[in-house]
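The file query30.txt comes next; it holds compact mmCIF, C-alpha atoms.
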```txt
# COMPACT_ATOMS: atom_id res chain seq x y z
CA MET A 252 -49.35 -45.58 28.88
CA HIS A 253 -50.24 -42.04 27.87
CA GLU A 254 -50.64 -40.90 31.47
CA LEU A 255 -47.73 -38.45 31.21
CA SER A 256 -49.43 -36.73 28.29
CA VAL A 257 -52.68 -36.59 30.29
CA VAL A 258 -50.83 -35.11 33.28
CA ALA A 259 -49.23 -32.49 31.01
CA GLY A 260 -52.72 -31.49 29.87
CA LEU A 261 -53.91 -31.47 33.49
CA PHE A 262 -51.13 -29.08 34.51
CA GLU A 263 -51.92 -26.66 31.69
CA ILE A 264 -55.43 -26.26 33.11
CA LEU A 265 -54.33 -26.40 36.75
CA GLU A 266 -51.65 -23.72 36.40
CA GLU A 267 -54.01 -21.39 34.57
CA LYS A 268 -56.79 -21.81 37.14
CA ALA A 269 -54.41 -21.43 40.09
CA ARG A 270 -52.91 -18.27 38.57
CA GLU A 271 -56.34 -16.76 37.91
CA ALA A 272 -57.33 -17.41 41.53
CA GLY A 273 -54.10 -15.87 42.85
CA ALA A 274 -53.02 -19.14 44.49
CA VAL A 275 -49.57 -19.45 46.02
CA ARG A 276 -49.88 -23.22 46.27
CA VAL A 277 -52.07 -26.07 45.08
CA THR A 278 -52.44 -28.65 47.85
CA ALA A 279 -54.87 -31.19 46.41
CA VAL A 280 -56.14 -32.20 42.99
CA THR A 281 -59.16 -34.35 42.09
CA VAL A 282 -59.47 -36.04 38.73
CA ARG A 283 -62.44 -38.04 37.45
CA ALA A 284 -61.21 -40.75 35.08
CA GLY A 285 -63.77 -42.66 33.04
CA ARG A 286 -63.44 -46.43 33.03
CA LEU A 287 -62.94 -46.47 29.29
CA SER A 288 -60.65 -43.45 29.20
CA GLY A 289 -57.60 -45.69 28.92
CA VAL A 290 -56.07 -44.11 32.00
CA VAL A 291 -54.83 -46.29 34.88
CA PRO A 292 -55.24 -44.48 38.23
CA ASP A 293 -51.99 -45.84 39.74
CA LEU A 294 -50.01 -44.79 36.67
CA LEU A 295 -51.70 -41.40 36.68
CA GLU A 296 -50.57 -40.89 40.28
CA SER A 297 -46.96 -41.84 39.42
CA ALA A 298 -46.98 -39.49 36.44
CA PHE A 299 -48.50 -36.72 38.58
CA ASP A 300 -45.85 -37.12 41.27
CA ALA A 301 -43.08 -36.96 38.67
CA PHE A 302 -44.56 -33.95 36.93
CA LYS A 303 -45.47 -31.81 39.94
CA LYS A 304 -41.88 -31.23 41.14
CA GLY A 305 -41.00 -27.57 40.97
CA THR A 306 -44.52 -26.51 39.99
CA ILE A 307 -47.16 -24.67 42.01
CA ALA A 308 -48.55 -28.11 42.87
CA ASP A 309 -45.27 -29.50 44.25
CA GLY A 310 -46.53 -31.26 47.39
CA ALA A 311 -50.13 -31.62 46.18
CA SER A 312 -51.92 -34.92 46.59
CA LEU A 313 -53.87 -36.44 43.73
CA ARG A 314 -57.21 -38.17 44.12
CA VAL A 315 -58.50 -40.16 41.16
CA GLU A 316 -62.21 -40.90 41.13
CA THR A 317 -63.41 -43.66 38.82
CA PRO A 318 -67.16 -43.30 38.48
CA PRO A 319 -69.23 -46.23 37.28
CA LEU A 320 -69.70 -46.55 33.56
CA ARG A 321 -73.01 -45.04 32.45
CA VAL A 322 -74.57 -46.52 29.35
CA ARG A 323 -77.81 -46.28 27.36
CA CYS A 324 -79.27 -49.11 25.32
CA ARG A 325 -79.77 -48.16 21.68
CA SER A 326 -82.66 -50.64 21.42
CA CYS A 327 -84.82 -50.14 24.51
CA GLY A 328 -83.43 -46.83 25.79
CA GLU A 329 -82.72 -48.19 29.29
CA GLU A 330 -79.93 -46.35 31.13
CA SER A 331 -77.64 -48.39 33.39
CA SER A 332 -74.61 -47.89 35.59
CA THR A 333 -72.01 -50.58 35.90
CA GLU A 334 -68.67 -51.19 37.56
CA GLU A 335 -67.72 -53.85 35.03
CA PRO A 336 -67.27 -53.51 31.27
CA LEU A 337 -70.66 -54.12 29.76
CA PHE A 338 -71.45 -55.06 26.19
CA ALA A 339 -75.14 -55.91 26.34
CA CYS A 340 -78.13 -54.17 27.88
CA PRO A 341 -78.97 -55.64 31.34
CA ALA A 342 -82.67 -54.92 30.64
CA CYS A 343 -83.26 -56.32 27.15
CA GLY A 344 -79.97 -58.07 26.28
CA ALA A 345 -79.34 -56.10 23.08
CA PRO A 346 -75.68 -55.43 22.29
CA GLY A 347 -74.25 -52.08 21.34
CA LEU A 348 -74.57 -49.61 24.16
CA GLU A 349 -74.09 -45.91 23.90
CA ILE A 350 -71.53 -44.69 26.43
CA LEU A 351 -72.91 -41.73 28.38
CA GLU A 352 -70.01 -41.47 30.81
CA GLY A 353 -66.73 -43.35 30.84
CA MET A 354 -64.65 -42.14 27.90
CA ASP A 355 -63.41 -38.83 29.33
CA ILE A 356 -60.98 -37.57 31.96
CA PHE A 357 -61.97 -34.45 33.86
CA LEU A 358 -60.06 -32.19 36.20
CA GLN A 359 -62.80 -31.83 38.82
CA LYS A 360 -61.38 -29.53 41.47
CA ILE A 361 -58.25 -28.22 43.07
CA GLU A 362 -57.55 -27.10 46.59
CA ILE A 363 -55.51 -23.93 46.74
CA GLU A 364 -53.85 -21.65 49.27
CA THR A 365 -54.10 -17.96 48.65
CA MET B 82 -47.86 -16.76 56.27
CA ASP B 83 -50.47 -16.97 59.03
CA SER B 84 -52.98 -15.35 56.73
CA MET B 85 -52.88 -18.32 54.30
CA GLU B 86 -56.34 -19.25 53.28
CA LYS B 87 -57.28 -22.65 51.93
CA ARG B 88 -60.16 -23.06 49.54
CA GLU B 89 -61.53 -25.44 46.99
CA LEU B 90 -61.87 -24.44 43.35
CA LEU B 91 -64.27 -26.30 41.09
CA VAL B 92 -62.68 -26.75 37.65
CA LEU B 93 -64.73 -29.39 35.78
CA LYS B 94 -62.63 -29.30 32.62
CA ASP B 95 -61.99 -32.10 30.16
CA ILE B 96 -58.25 -32.73 30.33
CA LEU B 97 -58.15 -33.70 26.66
CA GLY B 98 -60.42 -30.78 25.78
CA ASN B 99 -57.58 -28.86 24.15
CA ASN B 100 -56.80 -31.80 21.87
CA LYS B 101 -60.49 -32.10 20.99
CA ARG B 102 -60.68 -28.39 20.16
CA ILE B 103 -57.65 -28.56 17.83
CA ALA B 104 -59.02 -31.75 16.25
CA GLY B 105 -62.34 -30.05 15.61
CA GLU B 106 -60.59 -27.20 13.80
CA ILE B 107 -58.59 -29.66 11.67
CA ARG B 108 -61.72 -31.64 10.80
CA ALA B 109 -63.62 -28.52 9.72
CA LYS B 110 -60.68 -27.36 7.58
CA LEU B 111 -60.20 -30.74 5.86
CA ARG B 112 -63.90 -31.27 5.23
CA GLU B 113 -64.23 -27.82 3.76
CA LYS B 114 -61.54 -28.78 1.25
CA GLY B 115 -63.35 -32.04 0.51
CA ILE B 116 -60.50 -34.12 1.90
CA LEU B 117 -61.51 -37.42 3.51
CA ALA B 118 -59.16 -37.90 6.46
CA VAL B 119 -58.80 -41.43 7.83
CA ASN B 120 -57.05 -42.27 11.11
CA LEU B 121 -55.73 -45.85 11.16
CA MET B 122 -55.22 -47.46 14.54
CA SER B 123 -54.00 -50.93 15.44
CA SER B 124 -51.37 -52.93 17.26
CA PRO B 125 -47.87 -52.80 15.71
CA GLY B 126 -47.59 -55.27 12.86
CA SER B 127 -51.29 -55.49 11.99
CA GLY B 128 -50.60 -54.30 8.49
CA LYS B 129 -51.41 -50.58 8.51
CA THR B 130 -48.58 -49.61 6.16
CA THR B 131 -49.13 -52.61 3.90
CA LEU B 132 -52.82 -51.74 3.63
CA LEU B 133 -51.89 -48.15 2.72
CA GLU B 134 -49.47 -49.40 0.05
CA ALA B 135 -52.25 -51.50 -1.46
CA LEU B 136 -54.72 -48.59 -1.30
CA ALA B 137 -52.13 -46.29 -2.89
CA ASP B 138 -51.77 -48.66 -5.85
CA ARG B 139 -55.55 -48.71 -6.30
CA LEU B 140 -56.46 -45.08 -5.67
CA GLN B 141 -53.67 -43.05 -7.19
CA ALA B 142 -54.73 -43.35 -10.83
CA ARG B 143 -58.01 -41.57 -10.08
CA PHE B 144 -57.41 -39.69 -6.83
CA ARG B 145 -54.84 -37.61 -5.00
CA MET B 146 -53.79 -38.97 -1.67
CA ALA B 147 -51.18 -38.29 0.99
CA VAL B 148 -50.12 -40.08 4.14
CA ILE B 149 -48.99 -38.91 7.56
CA GLU B 150 -47.04 -41.62 9.35
CA GLY B 151 -46.70 -41.80 13.11
CA ASP B 152 -43.97 -43.89 14.68
CA ILE B 153 -41.83 -43.73 17.76
CA GLU B 154 -38.66 -43.75 15.67
CA THR B 155 -37.42 -43.91 12.04
CA GLU B 156 -38.61 -42.63 8.67
CA ARG B 157 -39.18 -46.19 7.38
CA ASP B 158 -42.94 -46.15 6.91
CA ALA B 159 -42.95 -42.79 5.12
CA GLU B 160 -40.22 -44.12 2.80
CA ARG B 161 -42.36 -47.17 1.98
CA ILE B 162 -45.29 -44.92 1.04
CA ARG B 163 -43.09 -42.53 -0.99
CA ALA B 164 -41.75 -45.53 -2.91
CA ARG B 165 -45.35 -45.96 -4.17
CA GLY B 166 -45.29 -42.41 -5.55
CA ILE B 167 -47.39 -40.96 -2.74
CA PRO B 168 -46.35 -37.91 -0.69
CA ALA B 169 -45.78 -38.87 2.94
CA TRP B 170 -44.80 -37.07 6.12
CA GLN B 171 -43.27 -38.88 9.06
CA ILE B 172 -43.98 -37.81 12.62
CA THR B 173 -41.57 -39.46 15.04
CA THR B 174 -42.95 -39.12 18.53
CA GLY B 175 -39.69 -40.03 20.25
CA GLY B 176 -41.43 -42.34 22.70
CA ALA B 177 -45.01 -41.09 22.86
CA CYS B 178 -47.46 -43.93 22.31
CA HIS B 179 -49.98 -41.99 20.19
CA LEU B 180 -50.40 -39.04 17.85
CA GLU B 181 -52.10 -35.86 19.06
CA ALA B 182 -54.07 -33.29 17.08
CA LYS B 183 -51.44 -30.57 17.44
CA MET B 184 -48.82 -32.85 15.79
CA ILE B 185 -51.16 -33.23 12.79
CA GLY B 186 -51.80 -29.48 12.74
CA LYS B 187 -48.07 -28.77 12.35
CA VAL B 188 -47.68 -31.17 9.42
CA LEU B 189 -50.85 -30.01 7.66
CA ALA B 190 -49.20 -26.71 6.74
CA GLU B 191 -47.03 -28.70 4.29
CA VAL B 192 -49.72 -31.05 2.98
CA PRO B 193 -51.23 -30.07 -0.41
CA ALA B 194 -54.76 -28.65 -0.20
CA ASP B 195 -56.13 -30.38 -3.33
CA LEU B 196 -56.17 -33.91 -1.94
CA ASP B 197 -58.99 -36.44 -2.05
CA PHE B 198 -57.71 -38.66 0.75
CA LEU B 199 -55.44 -38.03 3.72
CA PHE B 200 -54.50 -41.17 5.61
CA ILE B 201 -53.00 -40.85 9.06
CA GLU B 202 -51.24 -43.96 10.28
CA ASN B 203 -51.18 -43.79 14.05
CA VAL B 204 -48.44 -45.19 16.29
CA GLY B 205 -48.85 -48.96 16.56
CA ASN B 206 -50.80 -49.36 19.80
CA LEU B 207 -54.33 -50.62 20.37
CA VAL B 208 -54.88 -48.57 23.53
CA CYS B 209 -53.70 -44.95 23.72
CA PRO B 210 -54.42 -43.63 20.20
CA ALA B 211 -58.14 -44.25 20.82
CA SER B 212 -58.24 -41.37 23.31
CA TYR B 213 -56.96 -38.76 20.85
CA ASP B 214 -59.14 -37.27 18.14
CA LEU B 215 -56.89 -36.17 15.26
CA GLY B 216 -59.56 -34.37 13.26
CA GLU B 217 -60.27 -37.39 11.06
CA SER B 218 -63.63 -37.98 9.39
CA LEU B 219 -63.26 -41.74 9.63
CA ARG B 220 -61.48 -43.86 12.18
CA PHE B 221 -60.30 -47.32 11.18
CA VAL B 222 -59.24 -50.02 13.62
CA LEU B 223 -57.29 -52.89 12.09
CA LEU B 224 -57.19 -56.37 13.58
CA SER B 225 -54.96 -58.93 11.90
CA SER B 226 -55.73 -62.62 12.02
CA PRO B 227 -52.49 -63.58 13.88
CA GLU B 228 -53.46 -61.28 16.77
CA GLY B 229 -56.44 -63.44 17.69
CA ASP B 230 -60.21 -63.10 17.45
CA ASP B 231 -60.68 -62.11 21.12
CA LYS B 232 -59.32 -58.57 20.95
CA PRO B 233 -62.47 -56.42 20.57
CA LYS B 234 -63.70 -57.03 24.11
CA LYS B 235 -60.18 -56.91 25.56
CA TYR B 236 -59.48 -53.50 24.02
CA PRO B 237 -62.97 -52.04 23.74
CA GLU B 238 -62.08 -48.36 23.48
CA ALA B 239 -60.41 -48.70 20.08
CA PHE B 240 -63.43 -50.58 18.71
CA LEU B 241 -65.96 -48.31 20.43
CA SER B 242 -64.48 -45.16 18.96
CA SER B 243 -63.99 -46.44 15.39
CA HIS B 244 -66.27 -46.31 12.36
CA VAL B 245 -64.66 -49.15 10.47
CA LEU B 246 -63.06 -52.47 11.44
CA VAL B 247 -60.65 -53.93 8.91
CA LEU B 248 -59.78 -57.58 9.54
CA THR B 249 -56.38 -57.83 7.85
CA LYS B 250 -54.21 -60.74 6.69
CA SER B 251 -57.30 -62.76 5.78
CA ASP B 252 -55.06 -64.96 3.58
CA LEU B 253 -53.53 -66.40 6.79
CA ILE B 254 -56.84 -67.44 8.36
CA PRO B 255 -56.71 -71.04 7.00
CA HIS B 256 -53.43 -71.53 8.90
CA LEU B 257 -54.55 -70.02 12.22
CA PRO B 258 -57.06 -70.73 14.97
CA PHE B 259 -58.66 -67.37 14.10
CA ASP B 260 -62.45 -67.34 13.97
CA ALA B 261 -63.33 -64.40 11.73
CA ALA B 262 -67.02 -64.75 12.55
CA ARG B 263 -66.24 -64.44 16.26
CA ALA B 264 -64.01 -61.38 15.75
CA ARG B 265 -66.77 -59.74 13.72
CA ARG B 266 -69.51 -60.71 16.21
CA GLU B 267 -67.59 -59.48 19.27
CA ALA B 268 -66.63 -56.24 17.55
CA LEU B 269 -70.27 -55.60 16.64
CA GLU B 270 -71.33 -56.37 20.21
CA VAL B 271 -68.95 -53.65 21.38
CA ASN B 272 -70.01 -51.26 18.61
CA PRO B 273 -72.91 -52.25 16.32
CA ARG B 274 -72.24 -49.26 14.06
CA LEU B 275 -68.91 -50.64 12.82
CA GLU B 276 -68.59 -51.30 9.10
CA VAL B 277 -66.55 -54.50 8.83
CA PHE B 278 -64.22 -55.46 5.97
CA ALA B 279 -62.04 -58.55 5.76
CA VAL B 280 -59.06 -58.02 3.47
CA SER B 281 -55.72 -59.36 2.40
CA ALA B 282 -53.48 -56.60 1.10
CA LEU B 283 -51.18 -59.28 -0.31
CA THR B 284 -53.70 -61.26 -2.38
CA GLY B 285 -56.12 -58.37 -2.91
CA GLU B 286 -59.01 -60.31 -1.37
CA GLY B 287 -61.68 -57.92 -0.09
CA MET B 288 -59.83 -54.83 -1.30
CA ASP B 289 -62.43 -53.95 -3.97
CA ALA B 290 -65.09 -53.53 -1.29
CA LEU B 291 -62.86 -51.41 0.94
CA GLU B 292 -61.81 -49.22 -1.97
CA ALA B 293 -65.44 -48.74 -3.04
CA PHE B 294 -66.37 -47.80 0.53
CA LEU B 295 -63.64 -45.14 0.72
CA VAL B 296 -64.56 -43.69 -2.67
CA GLY B 297 -68.21 -43.57 -1.57
CA GLU B 298 -67.35 -41.83 1.72
CA ARG B 299 -65.30 -39.23 -0.13
CA ALA B 300 -68.22 -38.59 -2.48
CA LYS B 301 -70.57 -38.19 0.52
CA LEU B 302 -68.21 -35.64 2.02
CA ARG B 303 -68.39 -33.64 -1.21
CA THR B 304 -72.18 -33.81 -1.49
CA PRO B 305 -73.81 -31.20 0.74
CA HIS B 306 -76.24 -32.62 3.32
CA ALA B 307 -75.44 -36.22 2.38
```
Please express the file's structure as structure tokens.
Amino acid sequence: MHELSVVAGLFEILEEKAREAGAVRVTAVTVRAGRLSGVVPDLLESAFDAFKKGTIADGASLRVETPPLRVRCRSCGEESSTEEPLFACPACGAPGLEILEGMDIFLQKIEIET
Amino acid sequence: MDSMEKRELLVLKDILGNNKRIAGEIRAKLREKGILAVNLMSSPGSGKTTLLEALADRLQARFRMAVIEGDIETERDAERIRARGIPAWQITTGGACHLEAKMIGKVLAEVPADLDFLFIENVGNLVCPASYDLGESLRFVLLSSPEGDDKPKKYPEAFLSSHVLVLTKSDLIPHLPFDAARARREALEVNPRLEVFAVSALTGEGMDALEAFLVGERAKLRTPHA
């Protein structure tokens, strides 16, 4: 839904980093998208492919990693990782987990040619 | 071209970091002025504007408030708020499904500095607005009874990131298969820190409690170390 806006933010960072490093081309991009970030990997790839035309990353491939959700129980303190949305602690059953990882979208790395 | 060298560059940057930075600046500025900023998120048609009209009628005798309206098109919501005697600014996103902090920053230059409350009505959408901090002190998610009681677990991010859940259109519950207890329970399972209010802006049911909560939060903001 808001993938185009995310990709616009991605390119602001990417173009700055590539320029700083003296890159002539960006050939690969890796993004880490949390499971609760609201970003759909397939849609992110479509938005990336539309946006990259005519930029330093024209021709770059995008890899979207979706790490497991990492949560901590506010009752017993147990930390868990899960591939599925989780609303109760697997250890003690208490609801209301603190999300340690899963809300954010990070630009992890880029592959450049200099 | 033979001398081309390929290498990997670690970046590790939050893609929405710039939005978060701008939002942080807005929040600091508004709090310093003692303005309680509230970001209202919900599906279209959940009653955000109607709730704001009802709050305007209740708050404006004692407090100064303003509203920033976000919509894809038209000035309609801002006009509804202005008709209540409240200053309102309309942001039309022209297609974007959410408001971003920099859009708020631009409008804030025109918003009076001596406010008590600034309400920001986000674009009607239960998904995307949740990812964008606008510099609010309180985030409200609205869920209206006709939408169904199963939404909190289907759209967890909006409920996870909010401070307050307002169950709206409570006057319709007798006519619908809406289980308010289930909606409340599921929302609290997603986020046990949610304050939950059930209101009808039309009949006024539950509005006293919501008004008292807002007035209390504003007072907390103005009391150092509260």
task: Can you work out the spacing between CA of Arg299 (chain B) and CA of Gly186 (chain B) in Å, to one decimal?
output: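 If I compute the distance from CA of Arg299 (chain B) to CA of Gly186 (chain B), I get 21.0 Å.
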Contact set, chain B to chain A: 6 Å, all atoms listed in the file, as a PyMOL selection string: chain B and resi 85-96+270-273
Selected residues written out, C-alpha atoms, as a tab-separated table (two decimals), in the coordinates of the input:
```tsv
chain	number	residue	atom	x	y	z
B	85	MET	CA	-52.88	-18.32	54.30
B	86	GLU	CA	-56.34	-19.25	53.28
B	87	LYS	CA	-57.28	-22.65	51.93
B	88	ARG	CA	-60.16	-23.06	49.54
B	89	GLU	CA	-61.53	-25.44	46.99
B	90	LEU	CA	-61.87	-24.44	43.35
B	91	LEU	CA	-64.27	-26.30	41.09
B	92	VAL	CA	-62.68	-26.75	37.65
B	93	LEU	CA	-64.73	-29.39	35.78
B	94	LYS	CA	-62.63	-29.30	32.62
B	95	ASP	CA	-61.99	-32.10	30.16
B	96	ILE	CA	-58.25	-32.73	30.33
B	270	GLU	CA	-71.33	-56.37	20.21
B	271	VAL	CA	-68.95	-53.65	21.38
B	272	ASN	CA	-70.01	-51.26	18.61
B	273	PRO	CA	-72.91	-52.25	16.32
```
message: What's the separation between CA of Ala177 (chain B) and CA of Ala308 (chain A), in Å to one decimal place?
response: 24.1 Å
query: CA of Ala268 (chain B) and CA of Tyr236 (chain B), how far apart in Å?
result: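 It comes out at 10.0 Å.
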task: Within 8 Å of Val208 (chain B), counting only C-alpha atoms, which residues show up once you throw out same-chain ones fewer than 2 positions away? Write them as a list in words, please.
output: Gly289 of chain A; Asn206, Pro210, Ala211, Ser212, Tyr236, Glu238 and Ala239 of chain B
